[in-house]
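As stored in final-v8.cif (mmCIF, C-alpha atoms):
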```
data_coords
#
loop_
_atom_site.group_PDB
_atom_site.id
_atom_site.type_symbol
_atom_site.label_atom_id
_atom_site.label_comp_id
_atom_site.auth_asym_id
_atom_site.auth_seq_id
_atom_site.Cartn_x
_atom_site.Cartn_y
_atom_site.Cartn_z
ATOM 1 C CA MET Y 29 -25.641 7.476 44.026
ATOM 2 C CA PRO Y 30 -23.622 9.730 41.752
ATOM 3 C CA ASN Y 31 -19.877 9.642 42.324
ATOM 4 C CA ASP Y 32 -19.602 13.376 43.098
ATOM 5 C CA VAL Y 33 -22.246 13.064 45.842
ATOM 6 C CA ALA Y 34 -20.435 10.076 47.326
ATOM 7 C CA MET Y 35 -17.127 11.971 47.307
ATOM 8 C CA ARG Y 36 -18.745 14.991 48.993
ATOM 9 C CA LEU Y 37 -20.223 12.761 51.707
ATOM 10 C CA LEU Y 38 -16.854 11.095 52.265
ATOM 11 C CA SER Y 39 -15.191 14.503 52.579
ATOM 12 C CA LEU Y 40 -17.556 15.286 55.470
ATOM 13 C CA LEU Y 41 -16.504 12.245 57.532
ATOM 14 C CA PRO Y 42 -13.789 14.034 59.579
ATOM 15 C CA ASP Y 43 -16.259 16.758 60.544
ATOM 16 C CA LEU Y 44 -18.895 14.182 61.442
ATOM 17 C CA GLU Y 45 -16.414 12.304 63.628
ATOM 18 C CA VAL Y 46 -15.672 15.508 65.548
ATOM 19 C CA ILE Y 47 -19.393 16.188 66.018
ATOM 20 C CA VAL Y 48 -20.043 12.643 67.233
ATOM 21 C CA ALA Y 49 -17.109 12.774 69.677
ATOM 22 C CA ARG Y 50 -18.330 16.095 71.071
ATOM 23 C CA GLU Y 51 -21.862 14.763 71.498
ATOM 24 C CA ARG Y 52 -20.578 11.650 73.278
ATOM 25 C CA ASP Y 53 -18.586 13.836 75.697
ATOM 26 C CA ARG Y 54 -21.646 15.999 76.246
ATOM 27 C CA GLN Y 55 -23.865 12.990 76.906
ATOM 28 C CA ARG Y 56 -21.313 11.549 79.309
ATOM 29 C CA LEU Y 57 -21.201 14.823 81.225
ATOM 30 C CA LEU Y 58 -24.975 15.125 81.302
ATOM 31 C CA SER Y 59 -25.417 11.532 82.435
ATOM 32 C CA THR Y 60 -23.273 11.992 85.528
ATOM 33 C CA PRO Y 61 -25.263 12.559 88.702
ATOM 34 C CA ILE Y 62 -25.678 16.130 89.875
ATOM 35 C CA GLY Y 63 -23.288 16.905 92.652
ATOM 36 C CA THR Y 64 -20.008 15.209 93.265
ATOM 37 C CA PRO Y 65 -20.304 11.526 94.144
ATOM 38 C CA ARG Y 66 -16.896 11.386 95.831
ATOM 39 C CA HIS Y 67 -15.003 13.397 98.358
ATOM 40 C CA THR Y 68 -13.720 16.605 96.871
ATOM 41 C CA VAL Y 69 -11.021 19.062 97.766
ATOM 42 C CA LYS Y 70 -10.870 22.692 96.798
ATOM 43 C CA LYS Y 71 -7.335 23.251 95.554
ATOM 44 C CA THR Y 72 -5.640 25.868 93.412
ATOM 45 C CA TYR Y 73 -3.439 24.909 90.471
ATOM 46 C CA LEU Y 74 -1.646 27.183 88.049
ATOM 47 C CA VAL Y 75 -3.121 26.552 84.613
ATOM 48 C CA ASP Y 76 -2.441 28.102 81.238
ATOM 49 C CA THR Y 77 -5.073 30.787 80.589
ATOM 50 C CA ARG Y 78 -6.088 29.184 77.310
ATOM 51 C CA TYR Y 79 -7.263 26.106 79.206
ATOM 52 C CA VAL Y 80 -9.241 28.223 81.644
ATOM 53 C CA ASP Y 81 -10.959 29.947 78.739
ATOM 54 C CA ILE Y 82 -11.643 26.665 76.951
ATOM 55 C CA ILE Y 83 -13.073 25.063 80.106
ATOM 56 C CA GLU Y 84 -15.398 28.012 80.642
ATOM 57 C CA ARG Y 85 -16.544 28.119 77.010
ATOM 58 C CA TYR Y 86 -17.121 24.369 76.880
ATOM 59 C CA ALA Y 87 -19.116 24.357 80.130
ATOM 60 C CA GLN Y 88 -21.262 27.235 78.974
ATOM 61 C CA ALA Y 89 -21.832 25.800 75.492
ATOM 62 C CA GLU Y 90 -22.719 22.349 76.811
ATOM 63 C CA GLY Y 91 -24.708 23.563 79.822
ATOM 64 C CA VAL Y 92 -22.596 21.769 82.437
ATOM 65 C CA GLU Y 93 -20.698 22.869 85.526
ATOM 66 C CA LEU Y 94 -17.028 23.845 85.414
ATOM 67 C CA LYS Y 95 -16.101 21.129 87.918
ATOM 68 C CA ASP Y 96 -17.634 18.497 85.665
ATOM 69 C CA VAL Y 97 -15.512 19.605 82.707
ATOM 70 C CA VAL Y 98 -12.352 19.638 84.830
ATOM 71 C CA ASN Y 99 -13.112 16.235 86.377
ATOM 72 C CA LEU Y 100 -13.825 14.724 82.954
ATOM 73 C CA ALA Y 101 -10.566 16.151 81.578
ATOM 74 C CA PHE Y 102 -8.589 14.695 84.487
ATOM 75 C CA HIS Y 103 -10.395 11.371 84.183
ATOM 76 C CA ASP Y 104 -9.698 11.128 80.440
ATOM 77 C CA PHE Y 105 -6.057 12.145 80.939
ATOM 78 C CA PHE Y 106 -5.372 9.477 83.571
ATOM 79 C CA GLU Y 107 -7.530 6.839 81.881
ATOM 80 C CA ARG Y 108 -5.552 7.140 78.619
ATOM 81 C CA ARG Y 109 -2.369 6.573 80.604
ATOM 82 C CA GLN Y 110 -3.874 3.633 82.498
ATOM 83 C CA TYR Y 111 -3.163 5.464 85.729
ATOM 84 C CA LEU Y 112 -6.594 5.238 87.328
ATOM 85 C CA PRO Y 113 -7.001 2.854 90.264
ATOM 86 C CA VAL Y 114 -9.251 -0.138 89.668
ATOM 87 C CA GLU Y 115 -12.666 0.544 91.151
ATOM 88 C CA GLU Y 116 -14.248 -2.223 93.156
#
```
Would you encode the structure as structure tokens?
Amino acid sequence: MPNDVAMRLLSLLPDLEVIVARERDRQRLLSTPIGTPRHTVKKTYLVDTRYVDIIERYAQAEGVELKDVVNLAFHDFFERRQYLPVEE
């Protein structure tokens, strides 16, 4: 493989990583059962408008429900901080 082709392919790696991460998130959302498997509560929180817009755009682009995007965001947030209870 010519060196310039190899360098161009390597320059695309960051973009490919973003695409793969997005597809994994999408697949995780789509693989969750329809409906909410746990008890839910309807509650109002004050949220920066940019997050509201991003949640709505993401849900529409990925074809998932708003609640699924919000639940995934909360799950990822607490999972990264090792704050989720251990499920039995």
Coordinates-based distance that separates atom CA of Thr68 of chain Y from atom CA of Pro113 of chain Y (Å, one decimal):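 One can read the atom CA of Pro113 of chain Y to atom CA of Thr68 of chain Y distance as 16.7 Å.
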Coordinates-based distance that separates atom CA of Ala89 of chain Y from atom CA of Leu112 of chain Y (Å, one decimal):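 We find that atom CA of Leu112 of chain Y and atom CA of Ala89 of chain Y lie 28.2 Å from each other.
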Residues within 12 Å of (-12.5, 11.3, 79.6), file coords, all atoms listed in the file, listed as a ChimeraX atom specification: /Y:49-50,52-57,96-110,112
Around all of segment 36-46 of chain Y's listed atoms, make the axis-aligned box with 8 Å on each side and tell me centre and edge lengths in Å to one decimal, as JSON.
```
{"center_x": -17.0, "center_y": 13.9, "center_z": 57.3, "size_x": 22.4, "size_y": 21.7, "size_z": 32.6}
```
Distance in Å - atom CA of Glu51 of chain Y versus atom CA of Val114 of chain Y: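 Straight-line distance from atom CA of Glu51 of chain Y to atom CA of Val114 of chain Y works out to 26.7 Å.
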